[in-house]
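Peer 1: For reference, this is start11.csv, and it has CSV, C-alpha atoms and all ligand atoms.
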chain,number,residue,atom,x,y,z
D,1,MET,CA,11.0,-4.6,9.4
D,2,ALA,CA,8.1,-3.0,11.3
D,3,SER,CA,10.3,-1.8,14.1
D,4,GLU,CA,12.9,-0.2,11.9
D,5,ILE,CA,13.1,2.1,8.9
D,6,MET,CA,15.9,1.9,6.3
D,7,THR,CA,17.9,5.1,6.0
D,8,VAL,CA,20.8,5.8,3.7
D,9,LEU,CA,23.2,5.0,6.6
D,10,GLY,CA,21.4,1.8,7.5
D,11,PRO,CA,18.4,0.7,9.6
D,12,VAL,CA,17.2,3.0,12.4
D,13,PRO,CA,14.7,2.1,15.1
D,14,VAL,CA,11.3,3.7,14.2
D,15,GLN,CA,11.2,5.5,17.6
D,16,HIS,CA,14.2,7.5,16.5
D,17,MET,CA,12.4,9.1,13.6
D,18,GLY,CA,10.9,12.0,15.4
D,19,ILE,CA,9.5,14.9,13.4
D,20,THR,CA,9.6,13.7,9.8
D,21,LEU,CA,9.1,15.3,6.3
D,22,MET,CA,7.7,12.6,4.0
D,23,HIS,CA,8.2,14.2,0.6
D,24,GLU,CA,11.2,16.3,-0.1
D,25,HIS,CA,14.2,16.4,-2.5
D,26,LEU,CA,17.7,17.3,-1.6
D,27,PHE,CA,19.4,16.5,-4.9
D,28,ILE,CA,17.2,16.4,-8.0
D,29,ASP,CA,17.6,17.0,-11.7
D,30,LEU,CA,14.3,17.9,-13.3
D,31,CYS,CA,16.2,20.2,-15.6
D,32,ARG,CA,17.2,17.2,-17.8
D,33,VAL,CA,13.6,17.3,-19.1
D,34,THR,CA,12.4,20.8,-18.4
D,35,ARG,CA,15.6,22.6,-19.5
D,36,ASP,CA,15.1,25.1,-16.7
D,37,PRO,CA,18.2,25.4,-14.5
D,38,ASP,CA,16.0,26.4,-11.6
D,39,HIS,CA,14.8,22.8,-11.6
D,40,TRP,CA,18.1,21.4,-10.4
D,41,LEU,CA,19.3,21.0,-6.8
D,42,ASN,CA,22.9,19.8,-6.6
D,43,ASP,CA,24.8,22.0,-4.1
D,44,PHE,CA,25.9,20.1,-1.0
D,45,ASN,CA,26.9,23.1,1.1
D,46,LEU,CA,23.7,24.9,0.3
D,47,THR,CA,21.7,21.8,1.2
D,48,ILE,CA,23.3,21.6,4.6
D,49,LYS,CA,22.6,25.3,5.2
D,50,GLU,CA,19.0,24.9,4.1
D,51,LEU,CA,18.4,21.9,6.4
D,52,SER,CA,19.7,23.7,9.5
D,53,PRO,CA,16.4,25.6,10.4
D,54,PHE,CA,14.5,22.3,10.0
D,55,SER,CA,16.9,20.6,12.5
D,56,ALA,CA,16.8,23.7,14.8
D,57,GLY,CA,13.0,23.5,14.8
D,58,GLY,CA,13.1,19.9,16.0
D,59,GLY,CA,13.2,18.0,12.7
D,60,ARG,CA,14.8,14.6,12.8
D,61,THR,CA,14.0,12.7,9.6
D,62,LEU,CA,13.5,13.6,6.0
D,63,VAL,CA,12.3,11.3,3.2
D,64,ASP,CA,14.0,12.2,-0.2
D,65,VAL,CA,11.7,10.6,-2.8
D,66,THR,CA,14.0,11.3,-5.7
D,67,ASN,CA,14.4,8.1,-7.6
D,68,ARG,CA,16.3,6.7,-10.6
D,69,ASP,CA,17.0,9.0,-13.6
D,70,LEU,CA,16.0,12.0,-11.5
D,71,GLY,CA,19.4,13.1,-10.2
D,72,ARG,CA,19.2,10.8,-7.2
D,73,ASN,CA,22.5,10.9,-5.3
D,74,PRO,CA,22.9,8.1,-2.8
D,75,LEU,CA,26.4,9.0,-1.6
D,76,GLY,CA,25.5,12.7,-1.4
D,77,LEU,CA,22.5,11.8,0.8
D,78,CYS,CA,24.9,9.7,3.0
D,79,ASN,CA,27.1,12.8,3.4
D,80,VAL,CA,24.1,15.0,4.2
D,81,ALA,CA,23.0,12.4,6.9
D,82,ARG,CA,26.5,12.3,8.4
D,83,THR,CA,26.9,16.1,8.4
D,84,THR,CA,23.5,17.1,9.7
D,85,GLY,CA,22.7,14.1,11.9
D,86,LEU,CA,19.3,13.8,10.3
D,87,ASN,CA,17.9,10.4,9.3
D,88,ILE,CA,17.6,10.5,5.5
D,89,VAL,CA,15.4,7.9,3.7
D,90,MET,CA,15.9,7.5,0.0
D,91,GLY,CA,13.4,6.6,-2.8
D,92,CYS,CA,13.5,4.1,-5.7
D,93,GLY,CA,11.4,3.1,-8.7
D,94,TRP,CA,10.4,5.1,-11.8
D,95,TYR,CA,9.2,8.7,-11.6
D,96,ARG,CA,6.9,9.6,-14.6
D,97,GLU,CA,7.1,9.0,-18.3
D,98,PRO,CA,9.0,12.0,-19.7
D,99,TYR,CA,11.9,11.1,-17.3
D,100,TYR,CA,12.0,7.4,-18.2
D,101,GLN,CA,15.1,5.9,-19.9
D,102,PRO,CA,14.3,3.5,-22.8
D,103,GLU,CA,15.0,0.4,-20.7
D,104,ILE,CA,11.5,0.4,-19.1
D,105,TYR,CA,9.9,-0.1,-22.5
D,106,GLU,CA,12.1,-3.0,-23.3
D,107,LYS,CA,11.6,-5.0,-20.1
D,108,THR,CA,8.7,-7.0,-18.7
D,109,THR,CA,6.8,-5.7,-15.7
D,110,ASP,CA,8.4,-8.5,-13.6
D,111,GLN,CA,11.9,-7.6,-14.8
D,112,VAL,CA,11.3,-4.0,-13.8
D,113,ALA,CA,10.0,-5.2,-10.4
D,114,ARG,CA,13.1,-7.4,-10.0
D,115,ASP,CA,15.4,-4.4,-10.6
D,116,ILE,CA,13.6,-2.4,-8.0
D,117,ILE,CA,13.8,-5.3,-5.5
D,118,THR,CA,17.6,-5.7,-6.2
D,119,GLU,CA,18.1,-2.0,-5.4
D,120,ILE,CA,16.1,-2.4,-2.2
D,121,GLU,CA,17.9,-5.5,-1.1
D,122,LYS,CA,21.5,-4.8,-2.2
D,123,GLY,CA,21.6,-1.0,-2.7
D,124,VAL,CA,21.8,1.4,-5.7
D,125,GLY,CA,24.5,0.3,-8.2
D,126,ASP,CA,27.7,-0.4,-6.3
D,127,THR,CA,27.1,2.2,-3.5
D,128,GLY,CA,25.4,-0.3,-1.1
D,129,VAL,CA,23.0,2.5,-0.2
D,130,ARG,CA,19.5,1.0,0.2
D,131,PRO,CA,16.2,2.8,-0.5
D,132,GLY,CA,13.6,2.9,2.3
D,133,ILE,CA,10.6,3.8,0.3
D,134,ILE,CA,9.3,3.1,-3.3
D,135,GLY,CA,8.6,6.5,-4.9
D,136,GLU,CA,7.8,8.9,-6.0
D,137,ILE,CA,6.2,7.0,-8.8
D,138,GLY,CA,3.7,8.9,-10.8
D,139,CYS,CA,1.7,9.9,-13.9
D,140,ASP,CA,2.7,12.9,-16.0
D,141,ARG,CA,-0.8,13.8,-17.1
D,142,SER,CA,-4.4,13.4,-15.8
D,143,TYR,CA,-4.3,9.7,-16.8
D,144,ILE,CA,-1.8,6.9,-16.3
D,145,SER,CA,0.0,6.1,-19.5
D,146,PRO,CA,0.6,2.4,-20.5
D,147,VAL,CA,4.3,2.5,-19.5
D,148,GLU,CA,3.5,4.3,-16.2
D,149,GLU,CA,1.0,1.6,-15.5
D,150,ARG,CA,3.9,-0.9,-15.9
D,151,SER,CA,5.9,1.2,-13.4
D,152,PHE,CA,3.0,1.0,-10.9
D,153,ARG,CA,2.5,-2.7,-11.3
D,154,ALA,CA,6.2,-3.3,-11.0
D,155,SER,CA,6.4,-1.1,-7.8
D,156,ALA,CA,3.4,-3.0,-6.4
D,157,ARG,CA,5.2,-6.3,-6.9
D,158,ALA,CA,8.4,-4.9,-5.4
D,159,HIS,CA,6.3,-3.6,-2.4
D,160,LYS,CA,4.8,-7.0,-1.9
D,161,HIS,CA,8.3,-8.6,-1.9
D,162,THR,CA,10.1,-6.1,0.3
D,163,GLY,CA,7.4,-4.5,2.4
D,164,LEU,CA,8.5,-0.9,1.5
D,165,THR,CA,5.7,1.7,1.4
D,166,ILE,CA,4.7,3.3,-2.0
D,167,SER,CA,4.6,7.1,-2.4
D,168,THR,CA,3.1,8.5,-5.6
D,169,HIS,CA,3.1,11.7,-7.7
D,170,VAL,CA,0.0,13.1,-9.3
D,171,VAL,CA,-0.9,16.8,-9.7
D,172,ARG,CA,-4.0,18.9,-10.4
D,173,CYS,CA,-6.3,15.9,-11.2
D,174,THR,CA,-8.0,13.0,-9.5
D,175,ALA,CA,-5.7,10.3,-11.0
D,176,GLY,CA,-4.6,9.4,-7.5
D,177,LEU,CA,-7.7,7.3,-7.4
D,178,ASP,CA,-6.7,5.5,-10.6
D,179,GLN,CA,-3.3,4.9,-9.1
D,180,LEU,CA,-5.0,3.2,-6.1
D,181,ASP,CA,-7.1,1.1,-8.5
D,182,ILE,CA,-3.9,-0.3,-10.2
D,183,LEU,CA,-2.2,-0.9,-6.9
D,184,GLN,CA,-5.3,-2.6,-5.5
D,185,ASP,CA,-5.5,-4.8,-8.6
D,186,GLU,CA,-2.0,-6.0,-7.8
D,187,GLY,CA,-3.1,-6.9,-4.3
D,188,VAL,CA,-1.5,-4.0,-2.4
D,189,ASP,CA,-3.0,-3.1,0.9
D,190,LEU,CA,-3.9,0.6,0.2
D,191,ARG,CA,-3.0,1.5,3.8
D,192,ARG,CA,0.7,1.1,2.6
D,193,VAL,CA,0.2,3.8,-0.1
D,194,ILE,CA,0.8,7.5,0.0
D,195,ILE,CA,-1.0,9.6,-2.6
D,196,GLY,CA,1.2,12.6,-3.2
D,197,HIS,CA,0.5,16.3,-4.0
D,198,CYS,CA,-3.2,16.0,-2.9
D,199,ASP,CA,-3.1,19.7,-2.2
D,200,THR,CA,-2.7,20.5,-5.9
D,201,TYR,CA,-6.3,19.4,-6.4
D,202,LEU,CA,-8.6,21.9,-4.8
D,203,ASP,CA,-11.6,19.8,-4.2
D,204,PRO,CA,-11.7,18.3,-0.7
D,205,ASN,CA,-14.0,15.5,-2.0
D,206,TYR,CA,-10.9,14.1,-3.7
D,207,HIS,CA,-8.9,14.1,-0.4
D,208,ASP,CA,-11.9,12.4,1.2
D,209,ALA,CA,-12.2,9.7,-1.5
D,210,ILE,CA,-8.5,8.8,-1.0
D,211,ALA,CA,-8.8,8.6,2.8
D,212,LYS,CA,-11.9,6.5,2.5
D,213,ARG,CA,-9.9,3.8,0.7
D,214,GLY,CA,-7.4,3.7,3.5
D,215,ALA,CA,-4.4,5.4,1.8
D,216,TYR,CA,-2.5,8.4,3.1
D,217,VAL,CA,-3.5,11.8,1.9
D,218,GLU,CA,-0.3,13.8,1.5
D,219,PHE,CA,-0.4,17.6,1.5
D,220,ASP,CA,3.2,18.0,0.4
D,221,CYS,CA,3.2,21.3,-1.4
D,222,ILE,CA,3.0,23.5,1.7
D,223,ARG,CA,5.5,26.1,0.5
D,224,SER,CA,3.5,28.9,-1.3
D,225,LYS,CA,4.3,32.6,-0.9
D,226,PHE,CA,0.5,33.3,-1.2
D,227,ASP,CA,-1.3,33.2,2.1
D,228,TRP,CA,-4.6,32.0,0.6
D,229,GLU,CA,-2.8,28.9,-0.7
D,230,ILE,CA,-1.4,28.0,2.7
D,231,GLU,CA,-4.7,28.9,4.4
D,232,SER,CA,-6.6,26.5,2.1
D,233,ARG,CA,-4.2,23.7,2.9
D,234,ALA,CA,-4.7,24.3,6.6
D,235,GLN,CA,-8.5,24.2,6.1
D,236,TRP,CA,-8.3,20.9,4.2
D,237,VAL,CA,-6.3,19.4,7.0
D,238,MET,CA,-8.9,20.5,9.5
D,239,LEU,CA,-11.7,19.1,7.2
D,240,LEU,CA,-10.1,15.7,7.0
D,241,ILE,CA,-9.6,15.6,10.8
D,242,GLU,CA,-13.2,16.5,11.4
D,243,LYS,CA,-14.1,13.5,9.2
D,244,GLY,CA,-12.0,11.2,11.3
D,245,TYR,CA,-8.9,10.9,9.2
D,246,LEU,CA,-6.3,12.4,11.4
D,247,ARG,CA,-4.1,9.3,11.1
D,248,GLN,CA,-4.0,9.4,7.3
D,249,ILE,CA,-2.6,12.9,6.8
D,250,LEU,CA,1.0,13.6,5.9
D,251,LEU,CA,2.6,17.1,5.6
D,252,SER,CA,5.6,18.1,3.6
D,253,HIS,CA,7.0,20.8,1.3
D,254,ASP,CA,8.2,18.9,-1.8
D,255,CYS,CA,11.2,21.3,-2.1
D,256,CYS,CA,12.5,20.4,-5.6
D,257,MET,CA,13.5,23.7,-7.2
D,258,LYS,CA,15.8,26.5,-6.4
D,259,PRO,CA,13.0,29.0,-5.8
D,260,HIS,CA,11.7,26.8,-3.0
D,261,LEU,CA,14.9,27.3,-0.9
D,262,HIS,CA,15.6,30.2,1.4
D,263,ALA,CA,18.7,31.1,-0.5
D,264,TYR,CA,16.4,31.9,-3.6
D,265,GLY,CA,13.6,33.5,-1.7
D,266,GLY,CA,11.5,30.4,-0.9
D,267,ASN,CA,10.1,29.1,2.3
D,268,GLY,CA,12.5,26.2,2.7
D,269,TYR,CA,12.4,22.8,4.5
D,270,ASP,CA,11.3,24.4,7.8
D,271,TYR,CA,8.0,26.1,6.7
D,272,VAL,CA,5.7,23.4,8.1
D,273,LEU,CA,7.3,23.7,11.5
D,274,ARG,CA,7.7,27.5,11.4
D,275,ASP,CA,4.3,28.7,10.0
D,276,PHE,CA,2.0,25.8,9.2
D,277,VAL,CA,1.9,24.1,12.7
D,278,PRO,CA,1.1,27.4,14.5
D,279,ARG,CA,-1.7,27.9,12.0
D,280,LEU,CA,-3.2,24.5,12.8
D,281,LEU,CA,-2.8,25.2,16.5
D,282,ALA,CA,-4.7,28.5,16.1
D,283,LYS,CA,-7.5,26.6,14.3
D,284,GLY,CA,-7.8,24.4,17.4
D,285,LEU,CA,-5.6,21.4,16.9
D,286,SER,CA,-3.9,20.1,20.1
D,287,GLU,CA,-0.2,19.5,20.5
D,288,GLU,CA,-1.1,15.8,20.6
D,289,GLN,CA,-2.7,16.0,17.2
D,290,ILE,CA,0.3,17.8,15.8
D,291,HIS,CA,2.5,15.0,17.2
D,292,VAL,CA,0.3,12.5,15.3
D,293,LEU,CA,0.7,14.5,12.1
D,294,LEU,CA,4.5,15.1,12.3
D,295,VAL,CA,5.8,12.0,14.2
D,296,GLU,CA,3.3,9.1,14.5
D,297,ASN,CA,1.9,9.2,11.0
D,298,PRO,CA,5.2,9.2,9.2
D,299,ALA,CA,6.4,6.3,11.4
D,300,ALA,CA,3.2,4.4,10.6
D,301,ALA,CA,3.4,5.3,6.9
D,302,LEU,CA,7.0,3.9,6.6
D,303,THR,CA,6.6,0.8,8.7
D,304,GLY,CA,2.9,-0.1,8.0
D,305,VAL,CA,2.1,-0.3,11.7
D,306,ARG,CA,-0.8,2.0,12.5
D,307,SER,CA,-1.8,2.7,16.0
D,401,ZN,ZN,6.1,14.9,-7.4
Take the structure I supplied and represent it as structure tokens, if you would.
Peer 2:
Amino acid sequence: MASEIMTVLGPVPVQHMGITLMHEHLFIDLCRVTRDPDHWLNDFNLTIKELSPFSAGGGRTLVDVTNRDLGRNPLGLCNVARTTGLNIVMGCGWYREPYYQPEIYEKTTDQVARDIITEIEKGVGDTGVRPGIIGEIGCDRSYISPVEERSFRASARAHKHTGLTISTHVVRCTAGLDQLDILQDEGVDLRRVIIGHCDTYLDPNYHDAIAKRGAYVEFDCIRSKFDWEIESRAQWVMLLIEKGYLRQILLSHDCCMKPHLHAYGGNGYDYVLRDFVPRLLAKGLSEEQIHVLLVENPAAALTGVRS
């Protein structure tokens, strides 16, 4: 397991990952809950076009953390992988409570875990397409609801059975630390956990607290049109590196809505490579450190092997 990652087209040697985005969405239906048609990505040709500047900039791998009941499209992802040549890694598990189907309330935690394990081992439904990461699993509010806790415990058990990394969703609050508590209580090694959307909480002490516990701090909303928002993210990256956490930082855009795409005026899947990396270099990061952030950390995060 450690030397390979599972992509939608099958296992790939970890050294083929290259520059990797760890938290994106190619097909996603948030609109089912939000009722906003902007919150729906489902256009194959547009997806291919939007990915082209990422590939042209050197991108090789993209992790699509769309999971069940969120518009996940395993066969669509296979077509994207074949058409673009990118490695695509697919997610699994339960997103957050407003998106849950009733079945999670009716099953035991172990049954929910078994379902996740079946997907990981046999593929989604009858597609045969296997997830390569558990996530994004999250909490909708600033606390983890009882049924979301069930999702976290089930994901932890599926992780322990399959070895897949866990990637979470939590915004504008410190509940990422509560997520770590539950996963730790289930016996998960927190070095196998990615806390998502850390850059939506503006206090660097939160980033620090996550890193201290061994988990990955994911700055995955690097997509704003406002310079100060991008600049603050660059500063948080520098702060964490100064504190010695270079190898626990992950960068991504979380493109999940039409306005995030170039076609609708957004910064697209290539913004980190196009704008953010030059900013970090200008602040004094070396090319080697950039390589750690974009290549070595994603490889370590997916396989669990840290250098
Ligand atoms: Zn999310």
Peer 1: Mind listing the residues within 12 Å of ligand ZN 401 (chain D), all atoms listed in the file counted, as a ChimeraX atom specification?
Peer 2: /D:22-25,28,30,64-67,70,91,94-96,135-141,167-172,194-200,218-221,252-257
Peer 1: Under the rule that all atoms listed in the file are counted, which of D:Glu242, D:Arg114, D:Val147, D:Val124 is the nearest residue to Lys160 (chain D)?
Peer 2: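 Nearest candidate to Lys160 (chain D) out of D:Glu242, D:Arg114, D:Val147, D:Val124: D:Arg114.
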Peer 1: Please, which residues are within 9 Å of (-5.0, 1.0, 0.1) by the file's coordinates, counting all atoms listed in the file, and could they come as a PyMOL selection string?
Peer 2: chain D and resi 180-181+183-184+188-194+210-211+213-216
Peer 1: Within 12 Å of Lys243 (chain D), counting only C-alpha atoms, which residues show up once you throw out same-chain ones fewer than 3 positions away? Write them as an NGL selection string, please.
Peer 2: :D and (204-205 or 207-209 or 211-212 or 236-240 or 246-249)
Peer 1: Taking into account only C-alpha atoms, which residue in the set D:Ser3, D:Ser142, D:Ser232, D:Asn42 is nearest to Leu177 (chain D)?
Peer 2: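 The closest residue to Leu177 (chain D) is D:Ser142.
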Peer 1: Could you work out how far CA of Gly76 (chain D) lies from CA of Leu41 (chain D), giving the answer in Å with one decimal?
Peer 2: 11.7 Å
Peer 1: So which one's closest to Phe54 (chain D), D:Gly265, D:Gly85, D:Pro98, D:Pro11? Using only C-alpha atoms, please.
Peer 2: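 Counting only C-alpha atoms, the residue closest to Phe54 (chain D) is D:Gly85.
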Peer 1: Considering all atoms listed in the file, can you say which of D:Asn73, D:Ser145, D:Ser55, D:Gln235 comes closest to Ala175 (chain D)?
Peer 2: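 Of all the options, D:Ser145 lies closest to Ala175 (chain D).
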Peer 1: Tell me, in Å to one decimal, how far CA of Ala300 (chain D) is from CA of Ile222 (chain D).
Peer 2: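 Pair CA of Ala300 (chain D) / CA of Ile222 (chain D) returns 21.1 Å.
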Peer 1: In Å, rounded to a single decimal, give me how far CA of Tyr100 (chain D) is from CA of Ile48 (chain D).
Peer 2: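 Between CA of Ile48 (chain D) and CA of Tyr100 (chain D) the gap works out to 29.1 Å.
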Peer 1: Give as number ranges by chain each residue that has an atom at most 7 Å from (18.7, 20.6, 12.2) in the file, counting only C-alpha atoms.
Peer 2: D: 51-59, 84
Peer 1: In terms of the shortest atom-to-atom distance over all atoms listed in the file, which of D:Ile182, D:Leu9, D:Ile144, D:Val14 is closest to Glu97 (chain D)?
Peer 2: D:Ile144
Peer 1: Nearest to Val295 (chain D) among D:Leu261, D:Gln15, D:Asp203, D:Arg157, with distances taken over only C-alpha atoms: which residue is it?
Peer 2: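 Closest candidate: D:Gln15.
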Peer 1: Write out as a short mmCIF file (atom, residue, chain, number, x, y, z; two decimals) with C-alpha atoms, keeping the file's coordinate frame which residues come within 12 Å of Gly125 (chain D) when counting all atoms listed in the file, dropping same-chain ones fewer than 2 positions away.
Peer 2:
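out.cif written:
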data_model
loop_
_atom_site.label_atom_id
_atom_site.label_comp_id
_atom_site.auth_asym_id
_atom_site.auth_seq_id
_atom_site.Cartn_x
_atom_site.Cartn_y
_atom_site.Cartn_z
CA ARG D 68 16.30 6.70 -10.60
CA ARG D 72 19.20 10.80 -7.20
CA ASN D 73 22.50 10.90 -5.30
CA PRO D 74 22.90 8.10 -2.80
CA LEU D 75 26.40 9.00 -1.60
CA CYS D 92 13.50 4.10 -5.70
CA ASP D 115 15.40 -4.40 -10.60
CA ILE D 116 13.60 -2.40 -8.00
CA THR D 118 17.60 -5.70 -6.20
CA GLU D 119 18.10 -2.00 -5.40
CA ILE D 120 16.10 -2.40 -2.20
CA GLU D 121 17.90 -5.50 -1.10
CA LYS D 122 21.50 -4.80 -2.20
CA GLY D 123 21.60 -1.00 -2.70
CA THR D 127 27.10 2.20 -3.50
CA GLY D 128 25.40 -0.30 -1.10
CA VAL D 129 23.00 2.50 -0.20
CA ARG D 130 19.50 1.00 0.20
CA PRO D 131 16.20 2.80 -0.50
#
Peer 1: Can you list, as a PyMOL selection string, every protein, DNA or RNA residue that comes within 10 Å of Ala263 (chain D) when you count all atoms listed in the file, leaving out same-chain residues fewer than 5 positions away?
Peer 2: chain D and resi 46-47+49-50+258+268
